[in-house]
Amino acid sequence: MAKLYSYKEIAEHNTENDLWMIIDGKVYDCTKFMDEHPGGEEVLLDLGGQDATGPFADIGHSDDAVKMLEDLYVGDVDKDSEPTVVPRDDPTSTTTGGEGNGVMILAIAAVALAVIYFYLNKK
């Protein structure tokens with residue numbers, strides 16, 4: 001039988017040296033994976049000690065990424081425990097995985113407009 005962890009226990013593991021998260025009711029120790037994470041360690045740190053099910057699903061991880069979770073598994077969430085809010089140094093800091101998309105869209109639009117302007121004013 002899998003070890004059960006309370007939300008409070010999991011919330012205590014929210015630093016770069018000790019990072020756990022919940023995905024689909026299972027608890028994963030992601031500490032050693034932070035350097036390898038393609039999205040960067042900041043994404044993991046923002047979700048450390050919390051339920052990351054939604055963000056994990058939203059990104060659309062590959063089957064290989066899901067399989068990698070097997071090696072990080074440490075137990076299950078005790079669903080009877082009381083959910084806990086993980087304290088953050090900067091409560092306004094959130095990471096969704098889509099940072100910079102707005103700037104990228106504006107840059108592409110600016111280049112497209114410059115190209116159109118160039119060709120319309122070409123003599």
# chains A, B, ... in the order shown; residues from 1 in each chain; ligands from 1

$ residues_around --residues "A:Asp29" --least-positions-apart "2" --cutoff "10 Å" --atoms "only C-alpha atoms" --output "ChimeraX atom specification"
/A:10,13,18-22,27,31-33,48-49,69,71-75

$ write_last_selection --atoms "N, CA and C atoms" --output "mmCIF file, in the first residue's frame"
data_model
loop_
_atom_site.group_PDB
_atom_site.id
_atom_site.type_symbol
_atom_site.label_atom_id
_atom_site.label_comp_id
_atom_site.auth_asym_id
_atom_site.auth_seq_id
_atom_site.Cartn_x
_atom_site.Cartn_y
_atom_site.Cartn_z
ATOM 1 N N ILE A 10 2.984 17.733 2.491
ATOM 2 C CA ILE A 10 3.425 17.995 1.120
ATOM 3 C C ILE A 10 3.817 19.464 0.957
ATOM 4 N N HIS A 13 7.366 20.753 1.501
ATOM 5 C CA HIS A 13 8.397 20.416 0.509
ATOM 6 C C HIS A 13 8.255 21.364 -0.682
ATOM 7 N N ASP A 18 14.217 20.672 -1.882
ATOM 8 C CA ASP A 18 13.235 19.690 -1.399
ATOM 9 C C ASP A 18 11.880 20.053 -1.997
ATOM 10 N N LEU A 19 11.572 19.493 -3.170
ATOM 11 C CA LEU A 19 10.402 19.920 -3.932
ATOM 12 C C LEU A 19 9.474 18.759 -4.276
ATOM 13 N N TRP A 20 8.308 18.780 -3.665
ATOM 14 C CA TRP A 20 7.278 17.792 -3.975
ATOM 15 C C TRP A 20 6.108 18.490 -4.635
ATOM 16 N N MET A 21 5.337 17.721 -5.377
ATOM 17 C CA MET A 21 4.072 18.227 -5.911
ATOM 18 C C MET A 21 3.099 17.085 -6.122
ATOM 19 N N ILE A 22 1.846 17.472 -6.258
ATOM 20 C CA ILE A 22 0.762 16.509 -6.429
ATOM 21 C C ILE A 22 0.302 16.566 -7.876
ATOM 22 N N VAL A 27 1.799 11.840 -5.116
ATOM 23 C CA VAL A 27 2.836 12.757 -4.659
ATOM 24 C C VAL A 27 4.161 12.394 -5.330
ATOM 25 N N THR A 31 12.621 17.080 -6.821
ATOM 26 C CA THR A 31 13.857 17.779 -6.472
ATOM 27 C C THR A 31 14.982 17.494 -7.470
ATOM 28 N N LYS A 32 15.254 16.243 -7.741
ATOM 29 C CA LYS A 32 16.373 15.877 -8.611
ATOM 30 C C LYS A 32 16.075 16.131 -10.089
ATOM 31 N N PHE A 33 14.812 16.368 -10.421
ATOM 32 C CA PHE A 33 14.419 16.569 -11.821
ATOM 33 C C PHE A 33 14.466 18.041 -12.236
ATOM 34 N N GLY A 48 5.657 24.011 -6.281
ATOM 35 C CA GLY A 48 6.175 23.140 -5.234
ATOM 36 C C GLY A 48 5.276 23.090 -4.014
ATOM 37 N N GLY A 49 5.041 21.875 -3.514
ATOM 38 C CA GLY A 49 4.219 21.674 -2.331
ATOM 39 C C GLY A 49 2.731 21.792 -2.593
ATOM 40 N N LEU A 69 7.270 10.273 -14.464
ATOM 41 C CA LEU A 69 6.731 10.479 -13.119
ATOM 42 C C LEU A 69 6.881 9.231 -12.249
ATOM 43 N N ASP A 71 9.323 7.321 -11.709
ATOM 44 C CA ASP A 71 10.559 7.329 -10.925
ATOM 45 C C ASP A 71 10.536 8.370 -9.801
ATOM 46 N N LEU A 72 9.629 9.335 -9.878
ATOM 47 C CA LEU A 72 9.562 10.416 -8.895
ATOM 48 C C LEU A 72 8.500 10.160 -7.822
ATOM 49 N N TYR A 73 7.710 9.131 -7.999
ATOM 50 C CA TYR A 73 6.575 8.829 -7.116
ATOM 51 C C TYR A 73 7.030 8.469 -5.700
ATOM 52 N N VAL A 74 6.394 9.119 -4.703
ATOM 53 C CA VAL A 74 6.719 8.808 -3.301
ATOM 54 C C VAL A 74 5.504 8.360 -2.500
ATOM 55 N N GLY A 75 4.299 8.580 -3.009
ATOM 56 C CA GLY A 75 3.100 8.170 -2.280
ATOM 57 C C GLY A 75 1.858 8.866 -2.807
#

$ select_by_dssp --residues "chain A" --states "helix (DSSP H, G or I)" --output "PyMOL selection string"
chain A and resi 7-11+31-33+41-47+53-59+63-72+101-120

$ atom_distance --atom1 "atom CA of A:Val86" --atom2 "atom CA of A:Tyr28"
16.2 Å

$ atom_distance --atom1 "atom CA of A:Val77" --atom2 "atom CA of A:Pro55"
17.6 Å

$ atom_distance --atom1 "atom CA of A:Gly25" --atom2 "atom CA of A:Asp78"
8.5 Å

$ select_by_dssp --residues "chain A" --states "strand (DSSP E or B)" --output "number ranges by chain"
A: 4-5, 14-15, 18-23, 26-29, 51, 73-77

$ residues_around --residues "A:Glu82" --least-positions-apart "2" --cutoff "8 Å" --atoms "only C-alpha atoms" --output "NGL selection string"
:A and (6-8 or 79-80 or 84)

$ write_last_selection --atoms "all heavy atoms" --output "tab-separated table (two decimals), in the first residue's frame"
chain	number	residue	atom	x	y	z
A	6	SER	N	-0.27	14.01	4.11
A	6	SER	CA	-1.28	15.07	4.26
A	6	SER	C	-0.86	16.25	3.38
A	6	SER	O	0.31	16.40	3.01
A	6	SER	CB	-1.38	15.51	5.72
A	6	SER	OG	-0.21	16.21	6.09
A	7	TYR	N	-1.84	17.10	3.09
A	7	TYR	CA	-1.54	18.31	2.33
A	7	TYR	C	-0.50	19.16	3.06
A	7	TYR	O	0.37	19.76	2.43
A	7	TYR	CB	-2.81	19.13	2.09
A	7	TYR	CG	-3.73	18.53	1.06
A	7	TYR	CD1	-4.87	17.84	1.44
A	7	TYR	CD2	-3.46	18.66	-0.30
A	7	TYR	CE1	-5.72	17.29	0.49
A	7	TYR	CE2	-4.30	18.12	-1.25
A	7	TYR	CZ	-5.43	17.43	-0.86
A	7	TYR	OH	-6.27	16.90	-1.79
A	8	LYS	N	-0.58	19.18	4.38
A	8	LYS	CA	0.36	19.96	5.17
A	8	LYS	C	1.79	19.41	5.01
A	8	LYS	O	2.74	20.18	4.84
A	8	LYS	CB	-0.03	19.95	6.64
A	8	LYS	CG	0.87	20.79	7.51
A	8	LYS	CD	0.44	20.82	8.95
A	8	LYS	CE	1.40	21.72	9.73
A	8	LYS	NZ	1.33	21.57	11.13
A	79	LYS	N	-6.54	12.26	1.12
A	79	LYS	CA	-7.64	13.14	0.73
A	79	LYS	C	-8.50	13.56	1.91
A	79	LYS	O	-9.30	14.48	1.80
A	79	LYS	CB	-8.47	12.48	-0.35
A	79	LYS	CG	-7.62	12.21	-1.57
A	79	LYS	CD	-8.39	12.06	-2.81
A	79	LYS	CE	-7.43	11.65	-3.90
A	79	LYS	NZ	-7.48	12.30	-5.08
A	80	ASP	N	-8.34	12.90	3.04
A	80	ASP	CA	-9.07	13.28	4.25
A	80	ASP	C	-8.38	14.41	5.01
A	80	ASP	O	-8.94	14.98	5.94
A	80	ASP	CB	-9.26	12.08	5.18
A	80	ASP	CG	-10.18	11.03	4.57
A	80	ASP	OD1	-11.06	11.39	3.77
A	80	ASP	OD2	-10.00	9.83	4.90
A	84	THR	N	-3.91	22.81	2.26
A	84	THR	CA	-3.07	23.86	2.82
A	84	THR	C	-2.61	24.80	1.72
A	84	THR	O	-2.32	24.36	0.61
A	84	THR	CB	-1.83	23.23	3.48
A	84	THR	OG1	-2.26	22.29	4.44
A	84	THR	CG2	-0.96	24.26	4.14
